[in-house]
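File shown: protein-v7.cif. Contents: mmCIF, C-alpha atoms and all ligand atoms.
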data_input
#
loop_
_atom_site.label_atom_id
_atom_site.label_comp_id
_atom_site.auth_asym_id
_atom_site.auth_seq_id
_atom_site.Cartn_x
_atom_site.Cartn_y
_atom_site.Cartn_z
CA MET A 283 5.28 16.04 -13.10
CA SER A 284 4.30 19.47 -12.02
CA ASN A 285 4.20 21.10 -15.47
CA TYR A 286 5.22 24.26 -13.65
CA THR A 287 6.13 26.91 -16.17
CA GLY A 288 6.82 29.88 -13.97
CA ALA A 289 3.69 31.51 -15.32
CA VAL A 290 1.63 31.13 -12.17
CA PRO A 291 1.22 34.63 -10.71
CA ASP A 292 2.06 35.29 -7.06
CA THR A 293 -0.99 35.64 -4.86
CA VAL A 294 -1.53 36.39 -1.19
CA ARG A 295 -2.31 32.70 -0.66
CA GLN A 296 0.28 30.05 0.21
CA PRO A 297 2.45 29.25 -2.78
CA ASP A 298 1.32 26.18 -4.70
CA TRP A 299 3.43 23.05 -4.20
CA ARG A 300 4.45 23.32 -7.85
CA THR A 301 6.65 26.29 -7.09
CA ARG A 302 8.90 23.99 -5.07
CA SER A 303 9.11 21.17 -7.60
CA ALA A 304 12.53 19.83 -8.49
CA CYS A 305 11.52 19.49 -12.13
CA GLN A 306 10.65 23.09 -12.86
CA ASP A 307 14.06 23.70 -14.43
CA TYR A 308 13.94 20.54 -16.55
CA ASP A 309 12.45 20.05 -19.99
CA PRO A 310 8.93 18.64 -19.35
CA GLU A 311 9.56 16.21 -22.22
CA LEU A 312 11.89 14.29 -19.90
CA PHE A 313 8.87 13.28 -17.82
CA PHE A 314 6.80 12.14 -20.77
CA SER A 315 9.39 10.18 -22.70
CA THR A 316 9.37 6.39 -22.27
CA GLY A 317 13.14 6.12 -22.68
CA ALA A 318 13.84 8.73 -20.02
CA GLU A 319 11.80 7.30 -17.16
CA GLY A 320 14.90 6.42 -15.14
CA THR A 321 16.21 9.97 -15.32
CA ALA A 322 12.81 11.45 -14.51
CA LYS A 323 12.48 9.18 -11.50
CA ALA A 324 15.93 10.21 -10.29
CA VAL A 325 14.80 13.87 -10.34
CA CYS A 326 11.64 12.94 -8.44
CA ARG A 327 13.63 11.10 -5.76
CA GLY A 328 15.17 14.38 -4.65
CA CYS A 329 11.99 16.43 -5.00
CA PRO A 330 10.62 18.07 -1.82
CA VAL A 331 7.01 17.90 -3.07
CA ARG A 332 7.02 14.34 -4.35
CA GLU A 333 4.09 13.31 -2.18
CA GLU A 334 1.94 16.30 -3.16
CA CYS A 335 2.75 15.66 -6.82
CA LEU A 336 1.82 11.99 -6.66
CA ASN A 337 -1.37 12.73 -4.71
CA HIS A 338 -2.34 15.27 -7.34
CA ALA A 339 -1.75 12.79 -10.19
CA LEU A 340 -3.79 10.11 -8.39
CA ASP A 341 -6.58 12.53 -7.48
CA GLU A 342 -6.85 13.86 -11.00
CA ARG A 343 -6.41 10.42 -12.58
CA ILE A 344 -3.61 11.74 -14.81
CA GLU A 345 -2.73 9.06 -17.33
CA ASP A 346 0.56 10.14 -18.88
CA GLY A 347 4.07 10.81 -17.70
CA VAL A 348 6.08 10.40 -14.51
CA TRP A 349 4.48 12.12 -11.52
CA GLY A 350 5.70 11.82 -7.97
CA GLY A 351 8.31 9.30 -9.09
CA LEU A 352 5.79 6.84 -10.55
CA THR A 353 5.09 6.04 -14.18
CA ASP A 354 1.60 5.93 -15.65
CA ASP A 355 1.64 2.11 -15.44
CA GLU A 356 2.62 2.22 -11.76
CA ARG A 357 -0.14 4.74 -10.99
CA ARG A 358 -2.64 2.60 -12.89
CA ASP A 359 -1.60 -0.33 -10.72
CA ILE A 360 -2.31 1.71 -7.59
CA ARG A 361 -5.76 2.66 -8.89
CA ARG A 362 -6.48 -0.97 -9.81
CA ARG A 363 -5.50 -2.14 -6.33
CA ALA A 364 -7.53 0.70 -4.78
CA VAL A 365 -10.66 -0.65 -6.50
CA GLN A 366 -9.78 -4.20 -5.48
CA TRP A 367 -9.12 -3.24 -1.85
CA LYS A 368 -11.98 -0.72 -1.71
CA LEU A 369 -9.59 2.01 -0.56
CA THR A 370 -8.81 5.46 -1.86
CA ALA A 371 -5.85 5.71 -4.21
CA LEU A 372 -3.97 7.71 -1.59
CA GLU A 373 -4.53 5.15 1.15
CA THR A 374 -3.50 2.39 -1.25
CA GLN A 375 -0.31 4.24 -2.04
CA ARG A 376 0.37 4.68 1.69
CA ARG A 377 -0.03 0.96 2.30
CA LEU A 378 2.15 -0.01 -0.63
CA ARG A 379 4.85 2.33 0.60
CA LEU A 380 4.70 0.81 4.05
CA ALA A 381 4.90 -2.66 2.52
CA GLU A 382 8.13 -1.68 0.79
CA GLN A 383 9.83 -0.98 4.10
CA PRO A 384 11.97 -3.76 5.53
CA PRO A 385 9.62 -5.91 7.65
CA ARG A 386 12.02 -6.06 10.60
CA GLN A 387 11.46 -2.34 11.16
CA ARG A 388 7.89 -3.11 12.11
CA THR A 389 6.28 -5.61 14.40
CA MET A 390 4.16 -8.44 13.09
CA GLN A 391 1.13 -6.75 14.70
CA GLU A 392 1.84 -3.54 12.79
CA VAL A 393 2.18 -5.39 9.49
CA PHE A 394 -1.10 -7.15 10.25
CA ALA A 395 -2.91 -3.90 11.07
CA GLU A 396 -1.65 -2.31 7.87
CA SER A 397 -2.65 -5.33 5.78
CA THR A 398 -6.23 -5.78 6.91
CA LEU A 399 -9.54 -4.01 6.59
CA ALA A 400 -12.68 -4.53 8.68
CA THR A 401 -15.64 -5.62 6.58
CA LEU A 402 -19.34 -6.14 7.21
CA GLY A 403 -20.26 -8.94 9.58
CA ASP A 404 -17.25 -8.40 11.87
CA HIS A 405 -14.90 -10.00 9.38
CA LEU A 406 -11.40 -8.85 8.49
CA ALA A 407 -10.25 -8.83 4.87
CA TRP A 408 -6.60 -9.28 4.01
CA THR A 409 -5.37 -6.48 1.73
CA GLY A 410 -1.63 -7.09 1.95
CA SER A 411 0.71 -9.30 -0.03
CA VAL A 412 -0.71 -12.69 -0.98
CA LYS A 413 2.42 -14.23 0.56
CA PRO A 414 3.27 -12.00 3.50
CA LYS A 415 6.84 -12.27 4.73
CA PHE A 416 8.15 -11.48 8.14
CA ARG A 417 11.80 -11.74 9.11
CA GLY A 418 12.60 -13.86 6.08
CA ARG A 419 9.72 -16.33 6.48
CA ALA A 420 6.72 -16.50 4.18
CA TYR A 421 3.22 -17.22 5.45
CA THR A 422 -0.26 -17.46 4.11
CA PRO A 423 -2.44 -14.56 5.29
CA ALA A 424 -4.34 -16.98 7.55
CA GLN A 425 -1.12 -18.28 9.15
CA PHE A 426 0.06 -14.72 9.63
CA ALA A 427 -3.22 -13.74 11.30
CA PHE A 428 -3.20 -16.84 13.48
CA ILE A 429 0.28 -16.08 14.85
CA VAL A 430 -0.69 -12.47 15.57
CA GLY A 431 -3.87 -13.55 17.33
CA ARG A 432 -2.52 -16.50 19.34
CA GLY A 433 1.09 -15.53 19.84
CA ARG A 434 2.24 -18.95 18.66
CA ALA A 435 2.78 -20.83 15.38
CA PRO A 436 -0.18 -22.90 14.17
CA GLU A 437 -0.14 -26.69 14.36
CA GLY A 438 -1.37 -28.09 11.09
CA ALA A 439 -3.55 -26.22 8.63
CA VAL A 440 -5.22 -22.94 9.59
CA ARG A 441 -8.89 -22.89 8.60
CA ARG A 442 -11.65 -20.33 8.75
CA THR A 443 -14.45 -21.05 11.17
CA CYS A 444 -16.73 -18.24 9.93
CA GLY A 445 -17.10 -19.60 6.41
CA THR A 446 -16.26 -16.22 4.86
CA PRO A 447 -13.61 -16.55 2.18
CA GLU A 448 -10.52 -14.43 2.80
CA CYS A 449 -11.52 -13.50 6.37
CA VAL A 450 -8.43 -13.36 8.60
CA ARG A 451 -9.92 -12.24 11.90
CA PRO A 452 -7.88 -14.35 14.34
CA GLU A 453 -11.03 -15.27 16.30
CA HIS A 454 -12.44 -16.73 13.07
CA LEU A 455 -9.49 -19.08 12.57
CA SER A 456 -8.45 -22.40 14.04
CA ASP A 457 -5.47 -24.70 13.65
CA GLY A 458 -5.30 -28.48 13.79
CA ALA A 459 -4.59 -28.57 17.53
CA GLU A 460 -7.62 -26.42 18.37
CA ARG A 461 -9.93 -28.48 16.16
CA GLN A 462 -8.68 -31.66 17.72
CA ALA A 463 -9.18 -30.29 21.26
CA ALA A 464 -12.69 -29.17 20.34
CA SER A 465 -13.62 -32.61 19.02
CA THR A 466 -12.18 -34.54 21.96
CA PRO A 467 -14.84 -35.28 24.61
CA ALA A 468 -14.00 -33.79 27.99
CA ALA A 469 -12.88 -36.28 30.65
CA ALA A 470 -15.72 -37.34 32.97
S1 LIG A 501 7.82 14.58 -7.89
FE1 LIG A 501 8.85 14.60 -9.84
S2 LIG A 501 7.30 15.20 -11.33
FE2 LIG A 501 6.51 15.69 -9.31
S3 LIG A 501 7.04 17.83 -8.95
FE3 LIG A 501 8.67 16.59 -8.07
S4 LIG A 501 10.20 16.36 -9.68
FE4 LIG A 501 8.30 17.08 -10.65
#
Could you express the structure from this file as structure tokens?
Ligand code: SF4
Amino acid sequence: MSNYTGAVPDTVRQPDWRTRSACQDYDPELFFSTGAEGTAKAVCRGCPVREECLNHALDERIEDGVWGGLTDDERRDIRRRAVQWKLTALETQRRLRLAEQPPRQRTMQEVFAESTLATLGDHLAWTGSVKPKFRGRAYTPAQFAFIVGRGRAPEGAVRRTCGTPECVRPEHLSDGAERQAASTPAAA
């Protein structure tokens, strides 16, 4: 919600994004009323400065009302995930938006890149859905990473070889076939 009132004086600088908000002709109460969230969101959907508005609300940690098409609860969820994923609120929002897109529009490698974050010790943390789906099939994050890394489906359970919980670096994973091959003595 821009709260734009028309009272902002013109200056020689670029006009503020608020001057282009779709809500400036609506009663601000619409954006702060629990029963009107659907209507407020519909206005936001057609707003040319939706992204700027949402970024502003996230930056300023605004608690109340619909801003950028998201309710206060939805923005709180983004901030909670941002802490959990150790990302900025804006980057978290970007990833969540990407995750909403139909998976078939992206490759498995792209989904993987968007769902992971390098961590200390050359590990890779999974920050995407706990049950990632690709083309209608659900995987565990480790299975997903294994397929991206090896270019084939795993045989048996995928396990971490680095001992770091949640690491999904493909080089730190093995499947049943690889473990079996590693334990089989080479022919003399
Ligand atoms: S996104 Fe919604 S609340 Fe924000 S400026 Fe646009 S219409 Fe107003």
- [ ] Let me have all residues with an atom within 8 Å of ligand LIG 501 (chain A), counting all atoms listed in the file, laid out as a ChimeraX atom specification.
- [x] /A:283-285,299-300,302-306,313,322-323,325-336,348-351
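Relative to atom CA of A:Thr316, atom CA of A:Asp354 is found at 10.2 Å.
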TODO: Report the distance between atom CA of A:Asp346 and atom CA of A:Arg358 in Å, rounded to one decimal place.
DONE: 10.1 Å
- [ ] Have a look at atom CA of A:Phe428 and atom CA of A:Val365 and let me know their distance in Å, one decimal.
- [x] 26.8 Å
Task: Close residues, stretch 421-425 of chain A itself excluded, 8 Å, all atoms listed in the file, min 4 positions apart in chain, as a ChimeraX atom specification - done: /A:408,412-415,429,435-436,440-441,450,455
Taking C-alpha atoms for each residue, export the selection above as a PDB file, keeping the file's coordinate frame.
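Produced file again_15.pdb, reproduced below:
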ATOM      1  CA  TRP A 408      -6.600  -9.280   4.010  1.00  0.00           C
ATOM      2  CA  VAL A 412      -0.710 -12.690  -0.980  1.00  0.00           C
ATOM      3  CA  LYS A 413       2.420 -14.230   0.560  1.00  0.00           C
ATOM      4  CA  PRO A 414       3.270 -12.000   3.500  1.00  0.00           C
ATOM      5  CA  LYS A 415       6.840 -12.270   4.730  1.00  0.00           C
ATOM      6  CA  ILE A 429       0.280 -16.080  14.850  1.00  0.00           C
ATOM      7  CA  ALA A 435       2.780 -20.830  15.380  1.00  0.00           C
ATOM      8  CA  PRO A 436      -0.180 -22.900  14.170  1.00  0.00           C
ATOM      9  CA  VAL A 440      -5.220 -22.940   9.590  1.00  0.00           C
ATOM     10  CA  ARG A 441      -8.890 -22.890   8.600  1.00  0.00           C
ATOM     11  CA  VAL A 450      -8.430 -13.360   8.600  1.00  0.00           C
ATOM     12  CA  LEU A 455      -9.490 -19.080  12.570  1.00  0.00           C
TER      13      LEU A 455
END
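Compared by their closest atoms to A:Phe394, and using only C-alpha atoms, the residues A:Leu340, A:Phe426, A:Leu372, A:Gln366 rank with A:Phe426 nearest.
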